[in-house]
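Pasted below: coords-v9.cif, mmCIF, C-alpha atoms and all ligand atoms.
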data_work
#
loop_
_atom_site.label_atom_id
_atom_site.label_comp_id
_atom_site.auth_asym_id
_atom_site.auth_seq_id
_atom_site.Cartn_x
_atom_site.Cartn_y
_atom_site.Cartn_z
CA SER A 1345 -8.09 -31.40 -38.66
CA ASN A 1346 -4.69 -31.15 -36.99
CA LYS A 1347 -5.94 -28.48 -34.61
CA GLY A 1348 -6.25 -28.41 -30.84
CA VAL A 1349 -8.21 -26.19 -28.51
CA ILE A 1350 -6.99 -24.88 -25.14
CA PHE A 1351 -9.38 -23.44 -22.57
CA ASP A 1352 -8.48 -21.19 -19.70
CA LEU A 1353 -10.62 -22.04 -16.65
CA ASP A 1354 -11.42 -19.10 -14.37
CA GLY A 1355 -13.71 -16.64 -16.17
CA VAL A 1356 -13.96 -18.87 -19.26
CA ILE A 1357 -15.47 -22.21 -18.24
CA VAL A 1358 -16.73 -21.12 -14.83
CA ASP A 1359 -17.50 -17.71 -13.35
CA THR A 1360 -14.82 -17.96 -10.66
CA ALA A 1361 -13.00 -14.76 -11.64
CA LYS A 1362 -15.47 -12.88 -9.43
CA PHE A 1363 -14.60 -15.10 -6.44
CA HIS A 1364 -10.88 -14.53 -6.90
CA PHE A 1365 -11.63 -10.80 -6.92
CA LEU A 1366 -13.79 -10.96 -3.78
CA ALA A 1367 -11.11 -12.92 -1.94
CA TRP A 1368 -8.29 -10.56 -2.99
CA ARG A 1369 -10.42 -7.56 -2.11
CA LYS A 1370 -11.08 -8.93 1.36
CA LEU A 1371 -7.36 -9.49 1.82
CA ALA A 1372 -6.56 -5.92 0.75
CA ASN A 1373 -9.30 -4.52 3.01
CA ASN A 1374 -7.86 -6.45 5.97
CA LEU A 1375 -4.50 -4.84 5.23
CA GLY A 1376 -6.13 -1.40 5.21
CA PHE A 1377 -6.69 -0.53 1.54
CA ASP A 1378 -8.99 -1.36 -1.37
CA ILE A 1379 -8.58 -2.64 -4.92
CA THR A 1380 -10.69 -1.69 -7.93
CA GLU A 1381 -12.28 -3.74 -10.73
CA ALA A 1382 -9.86 -2.04 -13.14
CA GLN A 1383 -6.91 -3.23 -11.06
CA ASN A 1384 -8.50 -6.66 -11.01
CA GLU A 1385 -8.13 -6.90 -14.80
CA GLU A 1386 -4.39 -6.99 -14.15
CA LEU A 1387 -4.83 -9.86 -11.69
CA LYS A 1388 -6.82 -12.13 -14.00
CA GLY A 1389 -4.77 -15.03 -15.28
CA VAL A 1390 -1.91 -14.16 -12.94
CA SER A 1391 -0.56 -16.71 -10.43
CA ARG A 1392 -1.40 -16.51 -6.73
CA VAL A 1393 2.12 -15.34 -5.78
CA LYS A 1394 2.33 -12.72 -8.53
CA SER A 1395 -1.17 -11.47 -7.67
CA LEU A 1396 -0.28 -10.92 -4.02
CA GLU A 1397 2.95 -9.16 -5.01
CA LYS A 1398 0.98 -6.76 -7.23
CA ILE A 1399 -1.67 -6.11 -4.59
CA LEU A 1400 0.89 -5.38 -1.87
CA ASP A 1401 2.64 -3.06 -4.28
CA TRP A 1402 -0.61 -1.16 -4.95
CA GLY A 1403 -1.28 -0.85 -1.22
CA GLN A 1404 2.37 -0.05 -0.55
CA VAL A 1405 2.44 -2.74 2.09
CA SER A 1406 5.41 -5.01 2.65
CA LEU A 1407 5.19 -8.33 4.44
CA THR A 1408 7.73 -10.74 5.86
CA GLU A 1409 7.94 -14.04 4.02
CA ASP A 1410 5.94 -15.76 6.78
CA LYS A 1411 3.16 -13.16 6.66
CA PHE A 1412 3.16 -13.34 2.86
CA MET A 1413 2.61 -17.12 3.00
CA GLU A 1414 -0.05 -16.64 5.66
CA GLN A 1415 -1.97 -14.12 3.51
CA MET A 1416 -1.80 -16.45 0.49
CA ALA A 1417 -3.24 -19.29 2.58
CA LEU A 1418 -6.01 -17.05 3.96
CA LYS A 1419 -6.91 -15.86 0.47
CA ASN A 1420 -7.09 -19.42 -0.79
CA ASP A 1421 -9.21 -20.60 2.16
CA ASN A 1422 -11.61 -17.76 1.48
CA TYR A 1423 -11.68 -18.56 -2.25
CA LEU A 1424 -12.27 -22.27 -1.53
CA SER A 1425 -15.28 -21.39 0.61
CA TYR A 1426 -16.83 -19.66 -2.42
CA ILE A 1427 -16.33 -22.63 -4.73
CA SER A 1428 -17.17 -25.39 -2.25
CA THR A 1429 -20.70 -25.95 -3.58
CA MET A 1430 -19.77 -25.80 -7.26
CA THR A 1431 -21.31 -28.40 -9.61
CA SER A 1432 -21.75 -28.96 -13.34
CA ARG A 1433 -24.61 -26.46 -13.18
CA ASP A 1434 -21.97 -23.77 -12.74
CA ILE A 1435 -20.45 -24.33 -16.17
CA LEU A 1436 -21.01 -21.05 -18.02
CA PRO A 1437 -23.76 -20.98 -20.71
CA GLY A 1438 -22.61 -22.10 -24.16
CA VAL A 1439 -19.40 -23.78 -22.98
CA SER A 1440 -20.65 -27.38 -22.89
CA LYS A 1441 -22.06 -27.17 -26.41
CA ILE A 1442 -18.63 -26.25 -27.77
CA ILE A 1443 -16.81 -28.89 -25.74
CA GLU A 1444 -19.28 -31.55 -26.98
CA PHE A 1445 -18.80 -30.40 -30.58
CA LEU A 1446 -15.01 -30.64 -30.28
CA MET A 1447 -15.21 -34.08 -28.68
CA GLU A 1448 -17.57 -35.39 -31.38
CA ASN A 1449 -15.15 -34.17 -34.02
CA ASN A 1450 -12.09 -35.65 -32.32
CA VAL A 1451 -10.48 -32.27 -31.78
CA PRO A 1452 -8.21 -32.66 -28.76
CA ILE A 1453 -8.88 -30.24 -25.91
CA ALA A 1454 -6.66 -29.08 -23.07
CA LEU A 1455 -6.99 -26.91 -20.02
CA GLY A 1456 -4.37 -24.17 -19.62
CA SER A 1457 -4.90 -22.47 -16.27
CA ALA A 1458 -2.75 -20.59 -13.78
CA SER A 1459 -4.80 -21.97 -10.90
CA LYS A 1460 -3.64 -24.62 -8.47
CA ASN A 1461 -7.33 -25.32 -7.83
CA ALA A 1462 -8.07 -26.14 -11.47
CA ARG A 1463 -8.18 -29.93 -11.19
CA SER A 1464 -10.54 -29.78 -8.25
CA ILE A 1465 -12.90 -27.42 -10.11
CA LEU A 1466 -12.85 -29.70 -13.17
CA GLU A 1467 -13.79 -32.63 -10.93
CA LYS A 1468 -16.61 -30.71 -9.24
CA THR A 1469 -18.07 -29.65 -12.58
CA ASP A 1470 -17.65 -33.16 -14.03
CA LEU A 1471 -15.38 -31.92 -16.82
CA TYR A 1472 -12.08 -33.52 -15.85
CA ARG A 1473 -12.60 -36.69 -17.91
CA LYS A 1474 -13.48 -34.67 -21.01
CA PHE A 1475 -10.05 -33.06 -21.31
CA ASP A 1476 -7.22 -34.79 -23.18
CA ALA A 1477 -4.68 -32.78 -21.19
CA VAL A 1478 -4.78 -30.58 -18.11
CA VAL A 1479 -2.01 -28.09 -17.40
CA ASP A 1480 -2.45 -25.87 -14.36
CA GLY A 1481 -0.63 -23.79 -11.76
CA ASN A 1482 1.01 -26.90 -10.35
CA ASP A 1483 2.69 -27.71 -13.65
CA VAL A 1484 4.31 -24.41 -14.57
CA SER A 1485 7.05 -22.22 -13.18
CA LYS A 1486 6.37 -19.11 -15.26
CA ALA A 1487 3.09 -17.24 -14.89
CA LYS A 1488 1.05 -15.86 -17.82
CA PRO A 1489 1.83 -13.75 -19.89
CA ASN A 1490 4.68 -16.22 -20.19
CA PRO A 1491 3.41 -18.77 -22.74
CA GLU A 1492 4.74 -21.81 -20.82
CA VAL A 1493 1.32 -23.12 -19.73
CA PHE A 1494 -0.05 -23.09 -23.29
CA LEU A 1495 3.13 -24.51 -24.85
CA ILE A 1496 3.07 -27.45 -22.43
CA ALA A 1497 -0.62 -27.97 -23.22
CA ALA A 1498 0.11 -28.02 -26.97
CA GLU A 1499 2.93 -30.49 -26.44
CA LYS A 1500 0.64 -32.77 -24.41
CA LEU A 1501 -2.00 -32.61 -27.16
CA LYS A 1502 0.73 -33.27 -29.76
CA VAL A 1503 -0.50 -30.26 -31.71
CA ASP A 1504 1.79 -27.53 -33.09
CA PRO A 1505 1.36 -24.22 -31.22
CA GLN A 1506 0.36 -22.43 -34.44
CA ASN A 1507 -2.51 -24.93 -34.78
CA CYS A 1508 -3.87 -24.21 -31.31
CA ILE A 1509 -6.89 -22.06 -30.53
CA VAL A 1510 -7.01 -20.53 -27.03
CA PHE A 1511 -10.04 -19.24 -25.11
CA GLU A 1512 -9.04 -16.62 -22.53
CA ASP A 1513 -10.73 -13.97 -20.38
CA SER A 1514 -7.55 -12.24 -19.21
CA GLN A 1515 -5.14 -9.77 -20.75
CA ALA A 1516 -2.20 -11.82 -19.45
CA GLY A 1517 -3.66 -14.99 -21.02
CA VAL A 1518 -4.36 -13.41 -24.40
CA GLU A 1519 -0.80 -12.11 -24.42
CA ALA A 1520 0.53 -15.56 -23.52
CA ALA A 1521 -1.46 -17.18 -26.36
CA ASN A 1522 -0.25 -14.55 -28.83
CA ILE A 1523 3.39 -15.01 -27.77
CA ALA A 1524 2.96 -18.78 -28.18
CA GLY A 1525 1.87 -18.17 -31.79
CA MET A 1526 -1.64 -19.46 -31.12
CA LEU A 1527 -4.98 -18.05 -32.21
CA SER A 1528 -6.47 -16.15 -29.28
CA ILE A 1529 -10.18 -15.80 -28.62
CA GLY A 1530 -11.01 -13.34 -25.86
CA ILE A 1531 -14.06 -13.95 -23.69
CA GLY A 1532 -15.22 -10.68 -22.19
CA ASP A 1533 -14.96 -7.00 -22.96
CA ALA A 1534 -13.41 -6.09 -26.33
CA GLY A 1535 -12.06 -2.92 -24.75
CA VAL A 1536 -10.07 -4.98 -22.28
CA LEU A 1537 -9.12 -7.86 -24.60
CA GLY A 1538 -8.27 -5.85 -27.72
CA GLU A 1539 -5.10 -7.85 -28.34
CA ALA A 1540 -7.06 -11.05 -29.03
CA ASN A 1541 -7.67 -12.27 -32.59
CA TYR A 1542 -11.40 -12.44 -31.82
CA VAL A 1543 -13.46 -11.30 -28.84
CA PHE A 1544 -16.88 -12.52 -27.69
CA GLN A 1545 -18.76 -11.29 -24.65
CA ASP A 1546 -19.47 -14.91 -23.69
CA PHE A 1547 -19.83 -18.37 -25.23
CA THR A 1548 -23.50 -17.93 -26.10
CA GLY A 1549 -22.38 -15.60 -28.91
CA ILE A 1550 -20.09 -18.19 -30.50
CA GLU A 1551 -21.66 -20.16 -33.37
CA ILE A 1552 -20.54 -23.73 -34.04
CA ASN A 1553 -19.92 -22.63 -37.64
CA PHE A 1554 -17.40 -20.07 -36.46
CA ILE A 1555 -15.46 -22.84 -34.68
CA LYS A 1556 -15.80 -25.14 -37.73
CA ASN A 1557 -14.29 -22.46 -39.96
CA LEU A 1558 -11.35 -21.95 -37.61
CA LEU A 1559 -10.70 -25.70 -37.52
CA GLU A 1560 -10.69 -25.88 -41.31
CA LYS A 1561 -8.21 -23.03 -41.77
C1 LIG B 1601 -6.12 -17.74 -12.54
C2 LIG B 1601 -7.05 -16.66 -12.06
O1 LIG B 1601 -6.83 -18.63 -13.36
O2 LIG B 1601 -5.56 -18.47 -11.46
C3 LIG B 1601 -6.35 -15.77 -11.04
O3 LIG B 1601 -7.47 -15.89 -13.18
C4 LIG B 1601 -5.79 -16.62 -9.92
O4 LIG B 1601 -7.28 -14.84 -10.55
C5 LIG B 1601 -4.85 -17.67 -10.52
O5 LIG B 1601 -5.07 -15.82 -9.00
C6 LIG B 1601 -4.25 -18.58 -9.45
O6 LIG B 1601 -5.27 -19.34 -8.89
P1 LIG B 1601 -5.17 -20.19 -7.55
O7 LIG B 1601 -6.46 -20.93 -7.52
O8 LIG B 1601 -3.99 -21.09 -7.71
O9 LIG B 1601 -4.99 -19.24 -6.43
MG MG B 1602 -9.14 -16.68 -16.64
#

Have the structure of the file written as structure tokens, please.
Amino acid sequence: SNKGVIFDLDGVIVDTAKFHFLAWRKLANNLGFDITEAQNEELKGVSRVKSLEKILDWGQVSLTEDKFMEQMALKNDNYLSYISTMTSRDILPGVSKIIEFLMENNVPIALGSASKNARSILEKTDLYRKFDAVVDGNDVSKAKPNPEVFLIAAEKLKVDPQNCIVFEDSQAGVEAANIAGMLSIGIGDAGVLGEANYVFQDFTGIEINFIKNLLEK
């Protein structure tokens, strides 16, 4: 086929969305307020800078530029402590089977993540060499829901955007995929990811035949 597949990382390939949340929550608590899981849905897929801006807005806290940078660094240090022991055993159930299927069928695969830690997580989980292209938070200037990250990934795969299939766990990411003209598959709660073309709770519910059919379309 002439198709390509783009995976988001956090909350799709690995269960790191919960660590981002814990680290942001700790930051908010240190500044004297709390954030909810519902608010966290709005942080998923969003860049580090944009996330902190949103959180400060919710807590009605304003910081000088120096303090802002300091909080971002603290959050990342905290996040890194959570992922320090990550290995290939932390790849979410059902993900490897689909990656192997795509590789065997010569379907190019890319990573399209907002995270600046993406490459390091791919190395830790032994996935880096399996991707034909990796586009992450270091490569883009516009955060999801801007489609930039997915459009660059498509370009690197040499696949037309309308022939790309995107796996995403975030509202911002599903929106980005839709704006890019790609087929979006939400991983998570259908109530949260209603804008996606398809939604699955996790990868264990995705049959290889379902993927085959999409590739043949
Ligand atoms: C996204 C996560 O993948 O990356 C967000 O869903 C996170 O929660 C963003 O804030 C940026 O990640 P990092 O690792 O660069 O702080
Ligand atoms: Mg994600």

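Proximity of A:Glu1539, A:Glu1499, A:Asp1352, A:Asp1421 to ligand MG 1602 (chain B), computed with all atoms listed in the file, is greatest for A:Asp1352.
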
Counting all atoms listed in the file, what are the residues of chain A within 7 Å of ligand LIG 1601 (chain B), and for each of them which pair of atoms is the nearest and at what distance in Å, to one decimal? Sort the table by chain and rising number, as a tab-separated table.
residue	atom	partner	partner_atom	distance
A:Leu1353	CA	B:LIG1601	O1	6.1
A:Asp1354	CA	B:LIG1601	O1	4.7
A:Gly1355	CA	B:LIG1601	O3	7.0
A:Ala1361	CA	B:LIG1601	O4	5.8
A:His1364	CA	B:LIG1601	O4	5.1
A:Phe1365	CA	B:LIG1601	O4	7.0
A:Leu1387	CA	B:LIG1601	O4	5.7
A:Lys1388	CA	B:LIG1601	O3	3.9
A:Gly1389	CA	B:LIG1601	O3	3.5
A:Val1390	CA	B:LIG1601	C3	5.1
A:Ser1391	CA	B:LIG1601	C6	4.3
A:Arg1392	CA	B:LIG1601	O5	4.4
A:Ser1395	CA	B:LIG1601	O5	6.0
A:Asn1420	CA	B:LIG1601	O9	6.0
A:Ser1457	CA	B:LIG1601	O1	5.2
A:Ala1458	CA	B:LIG1601	O2	4.2
A:Ser1459	CA	B:LIG1601	O6	3.3
A:Lys1460	CA	B:LIG1601	O8	3.6
A:Asn1461	CA	B:LIG1601	O7	4.5
A:Ala1462	CA	B:LIG1601	O7	6.7
A:Gly1481	CA	B:LIG1601	O8	5.9

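Once Lys1502 of chain A and its same-chain neighbours fewer than 6 positions away are set aside, Asn1346, Lys1347, Gly1348, Val1349, Val1451, Pro1452, Ile1453, Ala1454, Asp1476, Ala1477, Leu1495, Ile1496 and Cys1508 of chain A remain within 12 Å of it when counting only C-alpha atoms.
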
Interatomic distance between atom CA of Ile1427 of chain A and atom CA of Gly1403 of chain A?
-> 26.7 Å

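Closest approach to ligand MG 1602 (chain B) among A:Ser1464, A:Ser1528, A:Ser1432, A:Gln1515 is made by A:Gln1515 (distances from all atoms listed in the file).
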
Would you list the contacts of Asn1373 of chain A as an NGL selection string, taking every protein, DNA or RNA residue within 12 Å and counting only C-alpha atoms, but skipping same-chain residues closer than 5 positions in sequence?
-> :A and (1365-1368 or 1378-1380 or 1399-1400 or 1403 or 1405 or 1419)

Atomic distance atom CA of Ser1440 of chain A - atom CA of Asn1422 of chain A, expressed in Å with one decimal = 27.7 Å

For Asp1533 of chain A, list every protein, DNA or RNA residue within 12 Å, evaluated using only C-alpha atoms, and leave out those in the same chain fewer than 4 positions away; present the list as a PyMOL selection string.
-> chain A and resi 1355+1385+1512-1515+1529+1537-1540+1542-1546

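Nearest residue to Leu1446 of chain A, choosing from A:Ala1382, A:Asp1410, A:Ile1552, A:Lys1561 and counting all atoms listed in the file: A:Ile1552.
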
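If you measure from each of A:Glu1444, A:Asp1480, A:Glu1492, A:Glu1409 to ligand MG 1602 (chain B) using all atoms listed in the file, the closest one turns out to be A:Asp1480.
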
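When all atoms listed in the file are used to measure the gap to ligand MG 1602 (chain B), the shortest distance among A:Met1447, A:Ile1509, A:Leu1396, A:Ile1531 belongs to A:Ile1531.
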
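From atom CA of Asp1434 of chain A back to atom CA of Gln1415 of chain A, the distance works out to 27.5 Å.
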
Given the choices A:Ala1520, A:Leu1418, A:Val1503, A:Ala1487, which gets closest to Ser1345 of chain A if the distance is worked out from all atoms listed in the file?
-> A:Val1503
